[in-house]
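Participant: The file below is query-v9.pdb, PDB, C-alpha atoms:
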ATOM      1  CA  ASP Z   1     150.589 118.224 145.733  1.00  0.00           C
ATOM      2  CA  THR Z   2     147.698 115.934 144.810  1.00  0.00           C
ATOM      3  CA  ALA Z   3     148.345 114.142 141.527  1.00  0.00           C
ATOM      4  CA  VAL Z   4     144.790 113.545 140.293  1.00  0.00           C
ATOM      5  CA  SER Z   5     141.984 115.356 142.059  1.00  0.00           C
ATOM      6  CA  GLN Z   6     138.224 115.164 141.626  1.00  0.00           C
ATOM      7  CA  THR Z   7     135.399 117.289 142.947  1.00  0.00           C
ATOM      8  CA  PRO Z   8     133.064 116.687 144.547  1.00  0.00           C
ATOM      9  CA  LYS Z   9     133.939 113.581 146.551  1.00  0.00           C
ATOM     10  CA  TYR Z  10     130.294 112.861 147.272  1.00  0.00           C
ATOM     11  CA  LEU Z  11     127.271 113.873 145.229  1.00  0.00           C
ATOM     12  CA  VAL Z  12     123.688 113.149 146.222  1.00  0.00           C
ATOM     13  CA  THR Z  13     120.988 114.324 143.861  1.00  0.00           C
ATOM     14  CA  GLN Z  14     117.491 113.659 142.600  1.00  0.00           C
ATOM     15  CA  MET Z  15     116.544 111.784 139.456  1.00  0.00           C
ATOM     16  CA  GLY Z  16     116.268 114.040 136.454  1.00  0.00           C
ATOM     17  CA  ASN Z  17     118.847 116.566 137.625  1.00  0.00           C
ATOM     18  CA  ASP Z  18     121.979 117.567 135.711  1.00  0.00           C
ATOM     19  CA  LYS Z  19     125.331 117.401 137.482  1.00  0.00           C
ATOM     20  CA  SER Z  20     129.037 117.774 136.728  1.00  0.00           C
ATOM     21  CA  ILE Z  21     132.145 116.163 138.154  1.00  0.00           C
ATOM     22  CA  LYS Z  22     135.479 117.888 137.715  1.00  0.00           C
ATOM     23  CA  CYS Z  23     138.880 116.283 137.349  1.00  0.00           C
ATOM     24  CA  GLU Z  24     142.333 117.828 137.284  1.00  0.00           C
ATOM     25  CA  GLN Z  25     145.798 116.282 137.090  1.00  0.00           C
ATOM     26  CA  ASN Z  26     149.056 118.082 137.808  1.00  0.00           C
ATOM     27  CA  LEU Z  27     151.320 115.309 136.505  1.00  0.00           C
ATOM     28  CA  GLY Z  28     151.776 116.763 133.031  1.00  0.00           C
ATOM     29  CA  HIS Z  29     150.127 113.690 131.515  1.00  0.00           C
ATOM     30  CA  ASP Z  30     148.686 113.672 128.029  1.00  0.00           C
ATOM     31  CA  THR Z  31     145.898 111.151 128.542  1.00  0.00           C
ATOM     32  CA  MET Z  32     142.920 111.239 130.891  1.00  0.00           C
ATOM     33  CA  TYR Z  33     140.100 108.784 131.513  1.00  0.00           C
ATOM     34  CA  TRP Z  34     136.734 108.410 133.174  1.00  0.00           C
ATOM     35  CA  TYR Z  35     135.752 105.091 134.738  1.00  0.00           C
ATOM     36  CA  LYS Z  36     132.532 103.958 136.409  1.00  0.00           C
ATOM     37  CA  GLN Z  37     132.650 101.459 139.273  1.00  0.00           C
ATOM     38  CA  ASP Z  38     129.279  99.969 140.110  1.00  0.00           C
ATOM     39  CA  SER Z  39     128.025  98.431 143.346  1.00  0.00           C
ATOM     40  CA  LYS Z  40     129.606  95.103 142.388  1.00  0.00           C
ATOM     41  CA  LYS Z  41     132.975  96.888 142.165  1.00  0.00           C
ATOM     42  CA  PHE Z  42     133.234  96.319 138.429  1.00  0.00           C
ATOM     43  CA  LEU Z  43     135.443  99.050 136.956  1.00  0.00           C
ATOM     44  CA  LYS Z  44     134.488 100.002 133.414  1.00  0.00           C
ATOM     45  CA  ILE Z  45     136.034 102.596 131.140  1.00  0.00           C
ATOM     46  CA  MET Z  46     133.704 105.284 129.829  1.00  0.00           C
ATOM     47  CA  PHE Z  47     135.880 107.822 128.018  1.00  0.00           C
ATOM     48  CA  SER Z  48     139.484 108.582 127.275  1.00  0.00           C
ATOM     49  CA  TYR Z  49     141.057 111.783 125.990  1.00  0.00           C
ATOM     50  CA  ASN Z  50     144.560 112.225 124.626  1.00  0.00           C
ATOM     51  CA  ASN Z  51     145.760 115.805 124.258  1.00  0.00           C
ATOM     52  CA  LYS Z  52     142.177 117.024 124.522  1.00  0.00           C
ATOM     53  CA  GLU Z  53     141.017 114.687 121.736  1.00  0.00           C
ATOM     54  CA  LEU Z  54     138.438 111.995 122.404  1.00  0.00           C
ATOM     55  CA  ILE Z  55     140.049 108.564 121.910  1.00  0.00           C
ATOM     56  CA  ILE Z  56     137.666 106.137 123.547  1.00  0.00           C
ATOM     57  CA  ASN Z  57     133.937 106.506 123.863  1.00  0.00           C
ATOM     58  CA  GLU Z  58     132.464 103.300 125.197  1.00  0.00           C
ATOM     59  CA  THR Z  59     128.814 102.439 124.953  1.00  0.00           C
ATOM     60  CA  VAL Z  60     127.757 105.184 127.288  1.00  0.00           C
ATOM     61  CA  PRO Z  61     124.366 106.950 127.080  1.00  0.00           C
ATOM     62  CA  ASN Z  62     124.668 110.330 125.426  1.00  0.00           C
ATOM     63  CA  ARG Z  63     123.428 111.873 128.673  1.00  0.00           C
ATOM     64  CA  PHE Z  64     127.093 111.644 129.639  1.00  0.00           C
ATOM     65  CA  SER Z  65     129.263 114.276 128.012  1.00  0.00           C
ATOM     66  CA  PRO Z  66     132.956 114.686 128.772  1.00  0.00           C
ATOM     67  CA  LYS Z  67     134.702 117.996 128.239  1.00  0.00           C
ATOM     68  CA  SER Z  68     138.418 118.615 128.157  1.00  0.00           C
ATOM     69  CA  PRO Z  69     139.218 122.343 128.195  1.00  0.00           C
ATOM     70  CA  ASP Z  70     142.942 121.572 128.372  1.00  0.00           C
ATOM     71  CA  LYS Z  71     145.268 118.609 128.889  1.00  0.00           C
ATOM     72  CA  ALA Z  72     145.111 118.914 132.657  1.00  0.00           C
ATOM     73  CA  HIS Z  73     141.319 118.797 132.970  1.00  0.00           C
ATOM     74  CA  LEU Z  74     138.618 116.327 132.008  1.00  0.00           C
ATOM     75  CA  ASN Z  75     135.172 117.083 133.335  1.00  0.00           C
ATOM     76  CA  LEU Z  76     132.127 114.853 133.153  1.00  0.00           C
ATOM     77  CA  HIS Z  77     128.647 116.299 132.756  1.00  0.00           C
ATOM     78  CA  ILE Z  78     125.611 114.092 133.249  1.00  0.00           C
ATOM     79  CA  ASN Z  79     122.134 115.127 132.110  1.00  0.00           C
ATOM     80  CA  SER Z  80     118.818 113.764 133.330  1.00  0.00           C
ATOM     81  CA  LEU Z  81     120.312 111.571 136.027  1.00  0.00           C
ATOM     82  CA  GLU Z  82     118.820 108.101 136.503  1.00  0.00           C
ATOM     83  CA  LEU Z  83     118.873 105.691 139.442  1.00  0.00           C
ATOM     84  CA  GLY Z  84     121.252 103.407 137.537  1.00  0.00           C
ATOM     85  CA  ASP Z  85     123.844 106.175 137.364  1.00  0.00           C
ATOM     86  CA  SER Z  86     124.550 105.688 141.062  1.00  0.00           C
ATOM     87  CA  ALA Z  87     128.165 104.514 141.255  1.00  0.00           C
ATOM     88  CA  VAL Z  88     131.660 105.691 142.035  1.00  0.00           C
ATOM     89  CA  TYR Z  89     133.213 107.606 139.146  1.00  0.00           C
ATOM     90  CA  PHE Z  90     137.003 107.595 138.901  1.00  0.00           C
ATOM     91  CA  CYS Z  91     139.101 109.938 136.854  1.00  0.00           C
ATOM     92  CA  ALA Z  92     142.581 108.755 135.871  1.00  0.00           C
ATOM     93  CA  SER Z  93     145.547 109.939 133.857  1.00  0.00           C
ATOM     94  CA  SER Z  94     148.584 108.395 132.193  1.00  0.00           C
ATOM     95  CA  GLN Z  95     151.726 109.824 130.638  1.00  0.00           C
ATOM     96  CA  ASP Z  96     150.812 108.965 127.102  1.00  0.00           C
ATOM     97  CA  TRP Z  97     148.611 106.808 124.970  1.00  0.00           C
ATOM     98  CA  GLY Z  98     150.777 103.760 124.840  1.00  0.00           C
ATOM     99  CA  GLU Z  99     151.783 100.433 126.272  1.00  0.00           C
ATOM    100  CA  GLY Z 100     152.559 100.054 129.914  1.00  0.00           C
ATOM    101  CA  ASP Z 101     151.640 103.556 130.853  1.00  0.00           C
ATOM    102  CA  GLU Z 102     150.571 103.310 134.445  1.00  0.00           C
ATOM    103  CA  GLN Z 103     147.283 105.014 135.198  1.00  0.00           C
ATOM    104  CA  PHE Z 104     147.034 107.261 138.220  1.00  0.00           C
ATOM    105  CA  PHE Z 105     143.537 107.351 139.645  1.00  0.00           C
ATOM    106  CA  GLY Z 106     141.762 110.171 141.424  1.00  0.00           C
ATOM    107  CA  PRO Z 107     140.035 109.518 144.767  1.00  0.00           C
ATOM    108  CA  GLY Z 108     136.652 108.930 143.136  1.00  0.00           C
ATOM    109  CA  THR Z 109     133.283 110.661 143.262  1.00  0.00           C
ATOM    110  CA  ARG Z 110     130.479 108.691 144.876  1.00  0.00           C
ATOM    111  CA  LEU Z 111     127.282 109.628 143.056  1.00  0.00           C
ATOM    112  CA  THR Z 112     123.960 108.688 144.617  1.00  0.00           C
ATOM    113  CA  VAL Z 113     120.803 109.318 142.633  1.00  0.00           C
ATOM    114  CA  LEU Z 114     117.595 109.279 144.671  1.00  0.00           C
TER     115      LEU Z 114
ATOM    116  CA  GLY X   1     134.136  89.295 122.796  1.00  0.00           C
ATOM    117  CA  GLN X   2     136.177  90.409 125.759  1.00  0.00           C
ATOM    118  CA  ASN X   3     136.300  88.316 128.898  1.00  0.00           C
ATOM    119  CA  ILE X   4     138.553  88.490 131.928  1.00  0.00           C
ATOM    120  CA  ASP X   5     138.154  85.968 134.745  1.00  0.00           C
ATOM    121  CA  GLN X   6     139.503  86.130 138.270  1.00  0.00           C
ATOM    122  CA  PRO X   7     138.343  84.424 141.468  1.00  0.00           C
ATOM    123  CA  THR X   8     135.874  86.564 143.359  1.00  0.00           C
ATOM    124  CA  GLU X   9     137.415  86.091 146.796  1.00  0.00           C
ATOM    125  CA  MET X  10     140.450  84.485 148.398  1.00  0.00           C
ATOM    126  CA  THR X  11     141.656  84.129 151.956  1.00  0.00           C
ATOM    127  CA  ALA X  12     145.242  83.740 153.142  1.00  0.00           C
ATOM    128  CA  THR X  13     147.222  83.970 156.367  1.00  0.00           C
ATOM    129  CA  GLU X  14     149.604  86.712 157.406  1.00  0.00           C
ATOM    130  CA  GLY X  15     153.169  85.796 156.461  1.00  0.00           C
ATOM    131  CA  ALA X  16     152.083  83.292 153.827  1.00  0.00           C
ATOM    132  CA  ILE X  17     152.165  83.399 150.014  1.00  0.00           C
ATOM    133  CA  VAL X  18     149.111  83.750 147.786  1.00  0.00           C
ATOM    134  CA  GLN X  19     148.673  83.520 144.024  1.00  0.00           C
ATOM    135  CA  ILE X  20     145.801  85.317 142.310  1.00  0.00           C
ATOM    136  CA  ASN X  21     145.060  84.010 138.836  1.00  0.00           C
ATOM    137  CA  CYS X  22     143.631  85.842 135.857  1.00  0.00           C
ATOM    138  CA  THR X  23     142.608  84.370 132.521  1.00  0.00           C
ATOM    139  CA  TYR X  24     141.570  86.445 129.574  1.00  0.00           C
ATOM    140  CA  GLN X  25     139.968  86.024 126.175  1.00  0.00           C
ATOM    141  CA  THR X  26     140.176  89.268 124.277  1.00  0.00           C
ATOM    142  CA  SER X  27     140.207  90.185 120.615  1.00  0.00           C
ATOM    143  CA  GLY X  28     143.866  91.173 120.659  1.00  0.00           C
ATOM    144  CA  PHE X  29     146.300  91.792 123.469  1.00  0.00           C
ATOM    145  CA  ASN X  30     148.738  94.621 124.103  1.00  0.00           C
ATOM    146  CA  GLY X  31     149.638  94.041 127.733  1.00  0.00           C
ATOM    147  CA  LEU X  32     148.248  93.177 131.158  1.00  0.00           C
ATOM    148  CA  PHE X  33     148.076  95.295 134.313  1.00  0.00           C
ATOM    149  CA  TRP X  34     147.525  94.458 137.952  1.00  0.00           C
ATOM    150  CA  TYR X  35     146.053  97.080 140.251  1.00  0.00           C
ATOM    151  CA  GLN X  36     145.383  97.047 143.991  1.00  0.00           C
ATOM    152  CA  GLN X  37     142.286  98.706 145.394  1.00  0.00           C
ATOM    153  CA  HIS X  38     141.620  99.110 149.112  1.00  0.00           C
ATOM    154  CA  ALA X  39     137.996  99.484 150.158  1.00  0.00           C
ATOM    155  CA  GLY X  40     136.742 102.980 149.515  1.00  0.00           C
ATOM    156  CA  GLU X  41     139.924 104.041 147.747  1.00  0.00           C
ATOM    157  CA  ALA X  42     141.182 104.428 144.205  1.00  0.00           C
ATOM    158  CA  PRO X  43     143.032 101.647 142.370  1.00  0.00           C
ATOM    159  CA  THR X  44     146.827 101.884 142.461  1.00  0.00           C
ATOM    160  CA  PHE X  45     149.210 100.411 139.908  1.00  0.00           C
ATOM    161  CA  LEU X  46     151.147  97.275 140.818  1.00  0.00           C
ATOM    162  CA  SER X  47     152.588  95.834 137.611  1.00  0.00           C
ATOM    163  CA  TYR X  48     152.507  95.641 133.843  1.00  0.00           C
ATOM    164  CA  ASN X  49     153.432  92.617 131.704  1.00  0.00           C
ATOM    165  CA  VAL X  50     153.637  92.567 127.937  1.00  0.00           C
ATOM    166  CA  LEU X  51     156.163  89.751 127.402  1.00  0.00           C
ATOM    167  CA  ASP X  52     155.928  86.216 128.735  1.00  0.00           C
ATOM    168  CA  GLY X  53     157.626  85.575 132.029  1.00  0.00           C
ATOM    169  CA  LEU X  54     157.862  86.740 135.585  1.00  0.00           C
ATOM    170  CA  GLU X  55     158.336  90.344 136.718  1.00  0.00           C
ATOM    171  CA  GLU X  56     159.371  90.772 140.325  1.00  0.00           C
ATOM    172  CA  LYS X  57     158.874  93.873 142.409  1.00  0.00           C
ATOM    173  CA  GLY X  58     159.638  93.419 146.058  1.00  0.00           C
ATOM    174  CA  ARG X  59     157.023  91.205 147.689  1.00  0.00           C
ATOM    175  CA  PHE X  60     154.857  91.256 144.558  1.00  0.00           C
ATOM    176  CA  SER X  61     155.507  89.379 141.306  1.00  0.00           C
ATOM    177  CA  SER X  62     153.427  89.107 138.169  1.00  0.00           C
ATOM    178  CA  PHE X  63     153.580  86.383 135.566  1.00  0.00           C
ATOM    179  CA  LEU X  64     152.255  86.298 132.018  1.00  0.00           C
ATOM    180  CA  SER X  65     151.737  83.550 129.452  1.00  0.00           C
ATOM    181  CA  ARG X  66     150.344  85.061 126.253  1.00  0.00           C
ATOM    182  CA  SER X  67     149.853  81.699 124.558  1.00  0.00           C
ATOM    183  CA  LYS X  68     147.669  80.527 127.439  1.00  0.00           C
ATOM    184  CA  GLY X  69     145.888  83.828 128.008  1.00  0.00           C
ATOM    185  CA  TYR X  70     146.928  83.602 131.635  1.00  0.00           C
ATOM    186  CA  SER X  71     148.520  85.762 134.293  1.00  0.00           C
ATOM    187  CA  TYR X  72     148.991  85.573 138.020  1.00  0.00           C
ATOM    188  CA  LEU X  73     149.929  87.963 140.780  1.00  0.00           C
ATOM    189  CA  LEU X  74     152.050  86.445 143.526  1.00  0.00           C
ATOM    190  CA  LEU X  75     152.129  88.110 146.923  1.00  0.00           C
ATOM    191  CA  LYS X  76     154.782  86.947 149.397  1.00  0.00           C
ATOM    192  CA  GLU X  77     155.180  87.552 153.140  1.00  0.00           C
ATOM    193  CA  LEU X  78     151.595  88.678 153.362  1.00  0.00           C
ATOM    194  CA  GLN X  79     150.803  91.606 155.628  1.00  0.00           C
ATOM    195  CA  MET X  80     147.429  92.684 156.992  1.00  0.00           C
ATOM    196  CA  LYS X  81     147.607  95.802 154.808  1.00  0.00           C
ATOM    197  CA  ASP X  82     147.530  93.542 151.730  1.00  0.00           C
ATOM    198  CA  SER X  83     143.811  92.970 152.378  1.00  0.00           C
ATOM    199  CA  ALA X  84     142.320  94.594 149.297  1.00  0.00           C
ATOM    200  CA  SER X  85     140.845  93.868 145.891  1.00  0.00           C
ATOM    201  CA  TYR X  86     143.268  92.992 143.115  1.00  0.00           C
ATOM    202  CA  LEU X  87     142.203  93.949 139.610  1.00  0.00           C
ATOM    203  CA  CYS X  88     143.537  92.323 136.466  1.00  0.00           C
ATOM    204  CA  ALA X  89     143.235  94.528 133.367  1.00  0.00           C
ATOM    205  CA  VAL X  90     144.065  93.882 129.718  1.00  0.00           C
ATOM    206  CA  ARG X  91     145.080  96.495 127.182  1.00  0.00           C
ATOM    207  CA  ALA X  92     143.152  95.507 124.076  1.00  0.00           C
ATOM    208  CA  PRO X  93     143.426  96.844 120.524  1.00  0.00           C
ATOM    209  CA  GLY X  94     142.434 100.469 120.276  1.00  0.00           C
ATOM    210  CA  ASP X  95     144.259 100.773 123.576  1.00  0.00           C
ATOM    211  CA  LYS X  96     141.093 100.096 125.527  1.00  0.00           C
ATOM    212  CA  ILE X  97     141.822  98.894 129.027  1.00  0.00           C
ATOM    213  CA  ILE X  98     139.397  96.216 130.136  1.00  0.00           C
ATOM    214  CA  PHE X  99     139.223  95.389 133.821  1.00  0.00           C
ATOM    215  CA  GLY X 100     138.271  92.083 135.400  1.00  0.00           C
ATOM    216  CA  LYS X 101     135.828  92.125 138.295  1.00  0.00           C
ATOM    217  CA  GLY X 102     138.609  91.929 140.837  1.00  0.00           C
ATOM    218  CA  THR X 103     139.616  89.423 143.514  1.00  0.00           C
ATOM    219  CA  ARG X 104     138.906  90.404 147.098  1.00  0.00           C
ATOM    220  CA  LEU X 105     141.784  89.132 149.239  1.00  0.00           C
ATOM    221  CA  HIS X 106     141.232  88.639 152.972  1.00  0.00           C
ATOM    222  CA  ILE X 107     144.290  88.266 155.204  1.00  0.00           C
ATOM    223  CA  LEU X 108     143.854  86.447 158.499  1.00  0.00           C
ATOM    224  CA  PRO X 109     146.199  87.008 161.452  1.00  0.00           C
TER     225      PRO X 109
END
Give the structure from the file, written as structure tokens.
Facilitator:
Amino acid sequence: DTAVSQTPKYLVTQMGNDKSIKCEQNLGHDTMYWYKQDSKKFLKIMFSYNNKELIINETVPNRFSPKSPDKAHLNLHINSLELGDSAVYFCASSQDWGEGDEQFFGPGTRLTVL
Amino acid sequence: GQNIDQPTEMTATEGAIVQINCTYQTSGFNGLFWYQQHAGEAPTFLSYNVLDGLEEKGRFSSFLSRSKGYSYLLLKELQMKDSASYLCAVRAPGDKIIFGKGTRLHILP
């Protein structure tokens, strides 16, 4: 009965590889997000989707491409991985795109690029 | 520009009260969140303020002053399990949520 789940939990890969992180929520929420938390614990929004439509696309390299096949899923694909991509990536969801909507976070995916 | 400031670290004693401040300068404001994040875990929601004043929720309270661009999170009757990072986040126009860098709170027995 996990609310927001991500796979994998840990990902270790070489520079230049392409990898994907999957996210699913079973809360019936309309909005999903991807955040990156760097080594200094700074949490920064990358993307947000509402009803499968892209709402927020922060200044993220185009090597990062989100895909939302349906409202319950928001996957993140990363091409040509770089050392600086090493971080913890959190998926989150909220009921709607509006004020005060609490975000529920997934457990995070720790990506290490060697 | 968007700027959210919180102290980097604070230390308090079990059973005591601690106040974690957050100041923000953002181009527009639609509300302020507080999240708690234990080491190695995901952030969890604590509170949301959109109007001025104090919102109380058990041992935790959050205060907002929009005119001063200021909020605080008040934790009472501190417990060891309250050792965590506390993240202040502002909902800006376009519904972007901008997080501060977090305050790491250490609780001493």
Participant: Produce a table with one row for each residue of segment 11-106 of chain Z that has an atom at most 12 Å from any atom of segment 89-101 of chain X, each row naming the nearest atom pair and its distance in Å at one decimal; use only C-alpha atoms; arrange rows by chain and rising residue number; format as CSV.
Facilitator:
residue,atom,partner,partner_atom,distance
Z:Thr31,CA,X:Asp95,CA,11.6
Z:Tyr33,CA,X:Ile97,CA,10.3
Z:Trp34,CA,X:Ile97,CA,11.6
Z:Tyr35,CA,X:Phe99,CA,10.3
Z:Lys36,CA,X:Phe99,CA,11.2
Z:Gln37,CA,X:Lys101,CA,9.9
Z:Asp38,CA,X:Lys101,CA,10.4
Z:Ser39,CA,X:Lys101,CA,11.2
Z:Lys40,CA,X:Lys101,CA,8.0
Z:Lys41,CA,X:Lys101,CA,6.8
Z:Phe42,CA,X:Lys101,CA,4.9
Z:Leu43,CA,X:Phe99,CA,6.1
Z:Lys44,CA,X:Phe99,CA,6.6
Z:Ile45,CA,X:Ile97,CA,7.2
Z:Met46,CA,X:Lys96,CA,10.0
Z:Phe47,CA,X:Lys96,CA,9.6
Z:Ser48,CA,X:Lys96,CA,8.8
Z:Tyr49,CA,X:Lys96,CA,11.7
Z:Asn50,CA,X:Asp95,CA,11.5
Z:Ile55,CA,X:Gly94,CA,8.6
Z:Ile56,CA,X:Lys96,CA,7.2
Z:Asn57,CA,X:Lys96,CA,9.8
Z:Glu58,CA,X:Lys96,CA,9.2
Z:Asp96,CA,X:Asp95,CA,11.1
Z:Trp97,CA,X:Asp95,CA,7.6
Z:Gly98,CA,X:Asp95,CA,7.3
Z:Glu99,CA,X:Arg91,CA,7.8
Z:Gly100,CA,X:Arg91,CA,8.7
Z:Asp101,CA,X:Arg91,CA,10.3
Z:Glu102,CA,X:Ile97,CA,11.2
Z:Gln103,CA,X:Ile97,CA,10.3
Participant: Separation of atom CA of Cys88 of chain X and atom CA of Ser47 of chain X, in Å?
Facilitator: 9.8 Å
Participant: Going by the chain IDs and residue numbers used in this file, which residues fall under the PyMOL selection byres ((chain Z and resi 66) around 8)? Write them as a list in words.
Facilitator: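 Residues picked by the PyMOL selection byres ((chain Z and resi 66) around 8): Phe47, Phe64, Ser65, Lys67, Ser68, Leu74, Asn75, Leu76 and His77 of chain Z.
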Participant: Evaluate the PyMOL selection byres ((chain X and resi 41) around 12) on the structure here and hand back the selected residues as a PyMOL selection string.
Facilitator: (chain Z and resi 9+37+41+88-90+105-110) or (chain X and resi 35-40+42-44+84-85)
Participant: What does the file look like for those residues with C-alpha atoms, as a PDB file, in the coordinates of the input?
Facilitator:
ATOM      1  CA  LYS Z   9     133.939 113.581 146.551  1.00  0.00           C
ATOM      2  CA  GLN Z  37     132.650 101.459 139.273  1.00  0.00           C
ATOM      3  CA  LYS Z  41     132.975  96.888 142.165  1.00  0.00           C
ATOM      4  CA  VAL Z  88     131.660 105.691 142.035  1.00  0.00           C
ATOM      5  CA  TYR Z  89     133.213 107.606 139.146  1.00  0.00           C
ATOM      6  CA  PHE Z  90     137.003 107.595 138.901  1.00  0.00           C
ATOM      7  CA  PHE Z 105     143.537 107.351 139.645  1.00  0.00           C
ATOM      8  CA  GLY Z 106     141.762 110.171 141.424  1.00  0.00           C
ATOM      9  CA  PRO Z 107     140.035 109.518 144.767  1.00  0.00           C
ATOM     10  CA  GLY Z 108     136.652 108.930 143.136  1.00  0.00           C
ATOM     11  CA  THR Z 109     133.283 110.661 143.262  1.00  0.00           C
ATOM     12  CA  ARG Z 110     130.479 108.691 144.876  1.00  0.00           C
TER      13      ARG Z 110
ATOM     14  CA  TYR X  35     146.053  97.080 140.251  1.00  0.00           C
ATOM     15  CA  GLN X  36     145.383  97.047 143.991  1.00  0.00           C
ATOM     16  CA  GLN X  37     142.286  98.706 145.394  1.00  0.00           C
ATOM     17  CA  HIS X  38     141.620  99.110 149.112  1.00  0.00           C
ATOM     18  CA  ALA X  39     137.996  99.484 150.158  1.00  0.00           C
ATOM     19  CA  GLY X  40     136.742 102.980 149.515  1.00  0.00           C
ATOM     20  CA  ALA X  42     141.182 104.428 144.205  1.00  0.00           C
ATOM     21  CA  PRO X  43     143.032 101.647 142.370  1.00  0.00           C
ATOM     22  CA  THR X  44     146.827 101.884 142.461  1.00  0.00           C
ATOM     23  CA  ALA X  84     142.320  94.594 149.297  1.00  0.00           C
ATOM     24  CA  SER X  85     140.845  93.868 145.891  1.00  0.00           C
TER      25      SER X  85
END
Participant: Please write the residues picked by the PyMOL selection byres ((chain X and resi 24) around 6) on this file as a PyMOL selection string.
Facilitator: chain X and resi 3-4+23+25+69
Participant: Any idea what the distance is between atom CA of Leu32 of chain X and atom CA of Leu105 of chain X?
Facilitator: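 Atom CA of Leu105 of chain X lies 19.6 Å from atom CA of Leu32 of chain X.
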Participant: Would you pick out the contacts of Phe104 of chain Z at 9 Å or less, using only C-alpha atoms, so that residues sharing its chain but fewer than 3 positions from it are not included, and give the list as a PyMOL selection string?
Facilitator: (chain Z and resi 3-4+91-94) or (chain X and resi 42-45)
Participant: Take the residues just selected and output them with C-alpha atoms as a compact mmCIF listing (two decimals), keeping the file's coordinate frame.
Facilitator:
# COMPACT_ATOMS: atom_id res chain seq x y z
CA ALA Z 3 148.34 114.14 141.53
CA VAL Z 4 144.79 113.54 140.29
CA CYS Z 91 139.10 109.94 136.85
CA ALA Z 92 142.58 108.76 135.87
CA SER Z 93 145.55 109.94 133.86
CA SER Z 94 148.58 108.40 132.19
CA ALA X 42 141.18 104.43 144.21
CA PRO X 43 143.03 101.65 142.37
CA THR X 44 146.83 101.88 142.46
CA PHE X 45 149.21 100.41 139.91
Participant: So how far away is atom CA of Tyr86 of chain X from atom CA of Met10 of chain X, in Å?
Facilitator: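 Interatomic distance, atom CA of Met10 of chain X to atom CA of Tyr86 of chain X: 10.4 Å.
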Participant: Around all of segment 46-57 of chain X's listed atoms, make the axis-aligned box with 8 Å on each side and tell me centre and edge lengths in Å to one decimal, as AutoDock Vina command-line options.
Facilitator:
--center_x 155.3 --center_y 91.4 --center_z 134.9 --size_x 24.2 --size_y 27.7 --size_z 31.0
Participant: Compare Z:Ala72, Z:Leu81, Z:Leu114, Z:Val12 by their minimum atom-to-atom distance to Gly28 of chain Z, counting all atoms listed in the file, and give me the closest one.
Facilitator: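 For Gly28 of chain Z, the nearest of the candidates is Z:Ala72.
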Participant: Point out the residue among Z:Glu82, Z:Asp70, Z:Ser5, Z:Glu53 with the least atom-to-atom distance to chain X, counting only C-alpha atoms.
Facilitator: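 When distances to chain X are compared using only C-alpha atoms, the smallest one comes from Z:Ser5.
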Participant: Set the distance at 12 Å and use all atoms listed in the file: which residues neighbour Glu55 of chain X once local chain neighbours fewer than 5 positions away are removed? I'd like the list as a PDB file with C-alpha atoms, in the coordinates of the input.
Facilitator:
ATOM      1  CA  LEU X  32     148.248  93.177 131.158  1.00  0.00           C
ATOM      2  CA  PHE X  33     148.076  95.295 134.313  1.00  0.00           C
ATOM      3  CA  TRP X  34     147.525  94.458 137.952  1.00  0.00           C
ATOM      4  CA  LEU X  46     151.147  97.275 140.818  1.00  0.00           C
ATOM      5  CA  SER X  47     152.588  95.834 137.611  1.00  0.00           C
ATOM      6  CA  TYR X  48     152.507  95.641 133.843  1.00  0.00           C
ATOM      7  CA  ASN X  49     153.432  92.617 131.704  1.00  0.00           C
ATOM      8  CA  VAL X  50     153.637  92.567 127.937  1.00  0.00           C
ATOM      9  CA  PHE X  60     154.857  91.256 144.558  1.00  0.00           C
ATOM     10  CA  SER X  61     155.507  89.379 141.306  1.00  0.00           C
ATOM     11  CA  SER X  62     153.427  89.107 138.169  1.00  0.00           C
ATOM     12  CA  PHE X  63     153.580  86.383 135.566  1.00  0.00           C
ATOM     13  CA  LEU X  64     152.255  86.298 132.018  1.00  0.00           C
ATOM     14  CA  SER X  65     151.737  83.550 129.452  1.00  0.00           C
ATOM     15  CA  SER X  71     148.520  85.762 134.293  1.00  0.00           C
ATOM     16  CA  TYR X  72     148.991  85.573 138.020  1.00  0.00           C
ATOM     17  CA  LEU X  73     149.929  87.963 140.780  1.00  0.00           C
ATOM     18  CA  LEU X  74     152.050  86.445 143.526  1.00  0.00           C
TER      19      LEU X  74
END
Participant: Segment 17-20 of chain X: which residues within 8 Å, counting only C-alpha atoms, same-chain residues fewer than 4 positions away excluded, as an NGL selection string?
Facilitator: :X and (6-7 or 12 or 72-78 or 103)
Participant: Which polymer residues have any atom within 7 Å of an atom of Ser86 of chain Z, counting all atoms listed in the file, with same-chain residues fewer than 5 positions away left out, as a VMD selection string?
Facilitator: chain Z and resid 111 to 113
Participant: Out of X:Gly28, X:Glu9, X:Gln2, X:Asp52, which residue has the shortest atom-to-atom distance to Arg104 of chain X when counting all atoms listed in the file?
Facilitator: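 Of the candidates, the smallest distance to Arg104 of chain X is held by X:Glu9.
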